[in-house]
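Next comes target_27.cif, with mmCIF, C-alpha atoms.
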data_upload
#
loop_
_atom_site.label_atom_id
_atom_site.label_comp_id
_atom_site.auth_asym_id
_atom_site.auth_seq_id
_atom_site.Cartn_x
_atom_site.Cartn_y
_atom_site.Cartn_z
CA MET A 1 -0.05 -22.17 1.75
CA THR A 2 2.51 -19.48 2.49
CA ARG A 3 2.49 -17.10 5.43
CA ALA A 4 5.28 -14.54 5.58
CA SER A 5 7.07 -13.73 8.81
CA LEU A 6 7.54 -10.25 10.21
CA ASP A 7 11.13 -10.09 8.97
CA LYS A 8 9.43 -9.71 5.55
CA GLN A 9 11.65 -11.82 3.34
CA PRO A 10 10.71 -10.68 -0.20
CA HIS A 11 10.21 -14.19 -1.60
CA GLU A 12 7.91 -15.11 1.31
CA VAL A 13 5.79 -11.99 0.98
CA ALA A 14 5.56 -12.30 -2.81
CA SER A 15 4.57 -15.96 -2.57
CA MET A 16 1.97 -15.15 0.07
CA PHE A 17 0.33 -12.58 -2.19
CA ASP A 18 0.52 -14.95 -5.14
CA ASN A 19 -1.65 -17.33 -3.11
CA VAL A 20 -4.36 -14.75 -2.35
CA ALA A 21 -4.42 -12.99 -5.73
CA ALA A 22 -7.60 -14.50 -7.16
CA ARG A 23 -9.85 -13.28 -4.33
CA TYR A 24 -7.72 -10.44 -2.98
CA ASP A 25 -10.03 -7.56 -3.94
CA LEU A 26 -13.11 -9.34 -2.59
CA THR A 27 -11.37 -10.22 0.67
CA ASN A 28 -10.24 -6.63 1.23
CA ASP A 29 -13.78 -5.39 0.63
CA VAL A 30 -15.19 -7.81 3.20
CA LEU A 31 -12.52 -7.33 5.87
CA SER A 32 -12.62 -3.53 5.67
CA LEU A 33 -16.44 -3.47 5.66
CA GLY A 34 -16.28 -1.63 2.35
CA GLN A 35 -14.03 1.12 3.70
CA ASP A 36 -11.26 0.26 1.22
CA ARG A 37 -13.29 1.84 -1.59
CA ILE A 38 -13.50 5.10 0.35
CA TRP A 39 -9.79 5.01 1.14
CA ARG A 40 -8.85 4.51 -2.51
CA LYS A 41 -10.99 7.48 -3.53
CA GLU A 42 -9.11 9.60 -1.01
CA VAL A 43 -5.80 8.40 -2.44
CA ALA A 44 -6.90 9.41 -5.94
CA LYS A 45 -7.83 12.88 -4.67
CA ALA A 46 -4.53 13.26 -2.83
CA VAL A 47 -2.47 12.22 -5.86
CA GLY A 48 -4.51 14.55 -8.09
CA ALA A 49 -3.31 12.91 -11.31
CA ARG A 50 -3.66 15.07 -14.41
CA PRO A 51 -3.73 14.19 -18.12
CA ALA A 52 -0.33 13.16 -19.52
CA GLU A 53 1.30 12.91 -16.10
CA LYS A 54 3.31 9.79 -15.29
CA VAL A 55 2.17 8.00 -12.14
CA LEU A 56 3.87 5.03 -10.51
CA ASP A 57 1.45 2.89 -8.49
CA LEU A 58 3.53 0.66 -6.25
CA ALA A 59 2.19 -2.48 -4.57
CA ALA A 60 -0.55 -2.20 -7.17
CA GLY A 61 -1.51 -5.86 -6.91
CA THR A 62 -4.32 -6.54 -9.36
CA ALA A 63 -4.14 -2.90 -10.55
CA THR A 64 -7.50 -1.96 -9.05
CA SER A 65 -5.79 0.99 -7.38
CA SER A 66 -4.38 2.15 -10.74
CA LEU A 67 -7.72 2.66 -12.46
CA PRO A 68 -8.52 6.15 -11.09
CA PHE A 69 -5.21 7.49 -12.40
CA ALA A 70 -5.81 6.02 -15.85
CA GLN A 71 -9.33 7.43 -15.85
CA ALA A 72 -7.88 10.87 -15.06
CA GLY A 73 -5.83 10.66 -18.26
CA ALA A 74 -2.46 9.95 -16.63
CA TYR A 75 -0.01 7.31 -17.83
CA VAL A 76 0.00 4.94 -14.87
CA VAL A 77 2.42 2.07 -14.29
CA PRO A 78 1.09 -0.58 -11.87
CA CYS A 79 4.11 -2.19 -10.21
CA ASP A 80 4.24 -5.13 -7.79
CA PHE A 81 6.66 -7.92 -6.86
CA SER A 82 3.92 -10.56 -6.73
CA LEU A 83 3.72 -12.11 -10.19
CA GLY A 84 0.48 -13.83 -9.21
CA MET A 85 -1.17 -10.52 -8.43
CA LEU A 86 0.12 -8.95 -11.65
CA GLN A 87 -1.15 -11.88 -13.72
CA VAL A 88 -4.65 -11.46 -12.29
CA GLY A 89 -4.42 -7.72 -12.94
CA LYS A 90 -3.30 -8.25 -16.52
CA GLN A 91 -6.16 -10.67 -17.16
CA ARG A 92 -8.67 -8.13 -15.93
CA ARG A 93 -7.04 -4.96 -17.28
CA SER A 94 -4.89 -5.93 -20.24
CA TRP A 95 -4.37 -2.34 -21.37
CA LEU A 96 -2.37 -1.37 -18.28
CA PRO A 97 1.46 -1.75 -18.36
CA CYS A 98 1.72 -4.03 -15.32
CA THR A 99 5.38 -4.23 -14.28
CA ALA A 100 7.20 -6.57 -11.92
CA GLY A 101 9.41 -4.72 -9.48
CA ASP A 102 10.71 -4.65 -5.92
CA ALA A 103 10.16 -1.34 -4.09
CA THR A 104 13.73 -1.49 -2.77
CA ARG A 105 15.19 -1.85 -6.30
CA LEU A 106 12.81 -0.11 -8.67
CA PRO A 107 13.37 -0.90 -12.38
CA PHE A 108 13.06 2.75 -13.47
CA LYS A 109 15.45 5.60 -14.26
CA ASP A 110 15.92 8.65 -12.05
CA ASP A 111 13.43 11.54 -12.12
CA VAL A 112 10.78 9.78 -14.25
CA PHE A 113 7.44 10.09 -12.47
CA ASP A 114 5.32 13.11 -11.61
CA ALA A 115 3.75 11.17 -8.76
CA VAL A 116 4.47 7.96 -6.88
CA THR A 117 1.88 6.29 -4.69
CA ILE A 118 1.71 3.12 -2.63
CA SER A 119 -1.39 1.84 -0.83
CA PHE A 120 -1.28 -0.82 1.88
CA GLY A 121 2.07 -2.08 0.68
CA LEU A 122 4.83 -0.13 2.36
CA ARG A 123 4.61 -2.12 5.58
CA ASN A 124 5.22 -5.32 3.57
CA VAL A 125 8.56 -4.07 2.21
CA GLN A 126 11.60 -5.50 3.94
CA ASP A 127 13.46 -2.18 4.22
CA THR A 128 11.11 0.81 4.50
CA ASP A 129 13.83 3.45 4.40
CA VAL A 130 15.45 2.04 1.25
CA ALA A 131 12.04 1.93 -0.43
CA LEU A 132 11.32 5.55 0.47
CA ARG A 133 14.66 6.60 -0.99
CA GLU A 134 13.95 4.61 -4.16
CA MET A 135 10.59 6.33 -4.54
CA HIS A 136 12.39 9.66 -4.12
CA ARG A 137 14.94 8.69 -6.77
CA VAL A 138 12.38 7.90 -9.47
CA THR A 139 10.25 10.99 -8.78
CA ARG A 140 10.99 14.09 -10.83
CA PRO A 141 12.02 17.30 -9.01
CA GLY A 142 8.82 18.97 -7.88
CA GLY A 143 6.96 15.66 -7.96
CA ARG A 144 4.94 14.16 -5.15
CA LEU A 145 4.47 11.03 -3.07
CA VAL A 146 1.26 9.72 -1.51
CA ILE A 147 1.30 6.79 0.92
CA CYS A 148 -1.89 5.16 2.13
CA GLU A 149 -1.23 2.75 4.96
CA PHE A 150 -2.84 1.30 8.05
CA SER A 151 -1.90 3.33 11.10
CA GLN A 152 -2.80 3.95 14.75
CA PRO A 153 -6.33 5.06 15.70
CA THR A 154 -6.15 8.34 17.59
CA TRP A 155 -8.91 7.62 20.16
CA ALA A 156 -7.61 5.21 22.79
CA PRO A 157 -10.85 3.25 23.42
CA PHE A 158 -11.35 2.72 19.70
CA ARG A 159 -7.69 1.73 19.33
CA THR A 160 -8.25 -1.10 21.82
CA VAL A 161 -11.35 -2.35 19.98
CA TYR A 162 -9.54 -2.11 16.65
CA THR A 163 -6.59 -4.14 17.91
CA GLU A 164 -8.95 -6.82 19.19
CA TYR A 165 -10.65 -6.93 15.79
CA LEU A 166 -7.36 -7.35 14.00
CA MET A 167 -6.12 -10.23 16.09
CA ARG A 168 -9.38 -12.04 16.90
CA ALA A 169 -12.03 -11.27 14.29
CA LEU A 170 -9.99 -10.76 11.15
CA PRO A 171 -8.49 -14.30 10.82
CA PRO A 172 -11.87 -16.13 11.16
CA VAL A 173 -13.49 -13.78 8.64
CA ALA A 174 -10.55 -14.31 6.28
CA ARG A 175 -11.07 -18.06 6.45
CA SER A 176 -14.51 -17.68 4.91
CA VAL A 177 -13.47 -15.56 1.93
CA SER A 178 -9.71 -15.95 1.31
CA SER A 179 -7.81 -18.74 -0.41
CA ASN A 180 -5.00 -18.31 2.15
CA PRO A 181 -6.39 -17.14 5.51
CA ASP A 182 -3.02 -17.54 7.24
CA ALA A 183 -1.79 -14.63 5.14
CA TYR A 184 -4.24 -12.39 6.96
CA VAL A 185 -2.80 -13.40 10.32
CA TYR A 186 0.51 -11.99 9.06
CA LEU A 187 -1.24 -8.88 7.75
CA ALA A 188 -2.90 -8.28 11.12
CA GLU A 189 0.44 -8.66 12.90
CA SER A 190 2.18 -6.35 10.43
CA ILE A 191 -0.47 -3.66 11.00
CA ARG A 192 -0.05 -3.91 14.77
CA GLU A 193 3.75 -3.56 14.48
CA TRP A 194 3.70 -0.65 12.01
CA PRO A 195 4.93 2.80 13.20
CA ASP A 196 2.41 5.50 14.02
CA GLN A 197 1.76 8.63 11.98
CA PRO A 198 4.55 10.90 13.35
CA ALA A 199 7.12 8.09 13.17
CA LEU A 200 6.38 7.39 9.51
CA ALA A 201 6.49 11.12 8.71
CA GLU A 202 9.96 11.27 10.27
CA ARG A 203 11.11 8.42 8.04
CA LEU A 204 9.84 10.23 4.95
CA GLN A 205 11.86 13.28 5.91
CA GLY A 206 14.91 11.10 6.49
CA ALA A 207 14.58 9.76 2.94
CA GLY A 208 14.71 13.27 1.49
CA TRP A 209 11.03 14.14 1.13
CA THR A 210 9.97 17.71 1.95
CA ARG A 211 6.64 19.30 2.99
CA VAL A 212 5.71 16.04 4.70
CA ALA A 213 2.20 15.91 6.14
CA TRP A 214 -0.45 13.35 6.94
CA ARG A 215 -4.21 13.11 7.25
CA ASN A 216 -6.11 10.46 9.20
CA LEU A 217 -8.95 8.47 7.67
CA THR A 218 -11.50 6.46 9.66
CA GLY A 219 -10.20 7.81 12.94
CA GLY A 220 -6.59 6.91 12.18
CA VAL A 221 -7.20 3.30 11.11
CA VAL A 222 -5.61 4.52 7.89
CA ALA A 223 -3.37 7.53 7.30
CA LEU A 224 -2.50 9.37 4.10
CA HIS A 225 1.10 10.62 4.18
CA ARG A 226 2.29 13.08 1.55
CA GLY A 227 5.67 14.43 0.57
CA HIS A 228 7.35 16.35 -2.23
CA LYS A 229 10.70 16.14 -3.95
CA ALA A 230 12.48 19.46 -3.83
CA GLY A 231 12.81 21.02 -7.22
#

Would you mind writing the structure in this file as structure tokens?
Amino acid sequence: MTRASLDKQPHEVASMFDNVAARYDLTNDVLSLGQDRIWRKEVAKAVGARPAEKVLDLAAGTATSSLPFAQAGAYVVPCDFSLGMLQVGKQRRSWLPCTAGDATRLPFKDDVFDAVTISFGLRNVQDTDVALREMHRVTRPGGRLVICEFSQPTWAPFRTVYTEYLMRALPPVARSVSSNPDAYVYLAESIREWPDQPALAERLQGAGWTRVAWRNLTGGVVALHRGHKAG
């Protein structure tokens, strides 16, 4: 089984997700104690997809995250660099245009999408700043970006408990439900190393996004960052 390292070599990360694809949605549900469903609903609200809009859903995995946008009447493109995840997604949701693509080299023209979103995937990209610039490139002027990512709990005592959960409880739980529990050791480490809310907001601004803001979910375990492309 493959476990990626924190230098996030694309082939290692893609292979790791290939290995967990079959039970990925179930594992996330168990490890998050069902919170992932709430978080995805908040993403859908933040994106606010409308009929006939074009939405790019990056790190879409099995395309579960893409369904709310399709149900809103938007044309959604689920995109991921794990072929294993996309294959599972295509088997389950054959009508969606699942597309293979690396967030640092997106296979789309400039100014195409009304909205770009990425949930729980940005921290797995090798070069965050390049990816944020690529998202900016493919978004039309006036379009929007929504990032849902694990972050830093705002209450210090809870932050300590949360860190202990990540490093001690998460791997054993993953062993009982995941086909590649070592992958979740990497995921726990990547969450712990990820920048906090203000630091990520600063990186969005550096990539050209305007009106950058964020909102904490579950006490800061997850944060929704938003930005717009000037137009």

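Atom CA of A:Leu58 sits 6.1 Å away from atom CA of A:Thr117.
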
Query raised in the report: Which protein, DNA or RNA residues have an atom at most 7 Å from (4.8, -4.4, -6.7), counting all atoms listed in the file? List them as a ChimeraX atom specification.
Result: /A:58-61,79-82,100-103

Requested in this report: Pick out the closest residue to A:Gln91 from this set: A:Ala63, A:Gly73, A:Leu106, A:Gly219. Count all atoms listed in the file.
Outcome: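 Looking at the shortest contact to A:Gln91, the residue is A:Ala63.
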
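Distance-wise, atom CA of A:Trp209 and atom CA of A:Tyr75 end up 23.0 Å apart.
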
Requested in this report: Quick one: apply the PyMOL selection byres ((chain A and resi 227) around 10) to the file and drop the selected residues here as a ChimeraX atom specification.
Outcome: /A:116,136,143-147,201,204-205,208-214,225-226,228-230
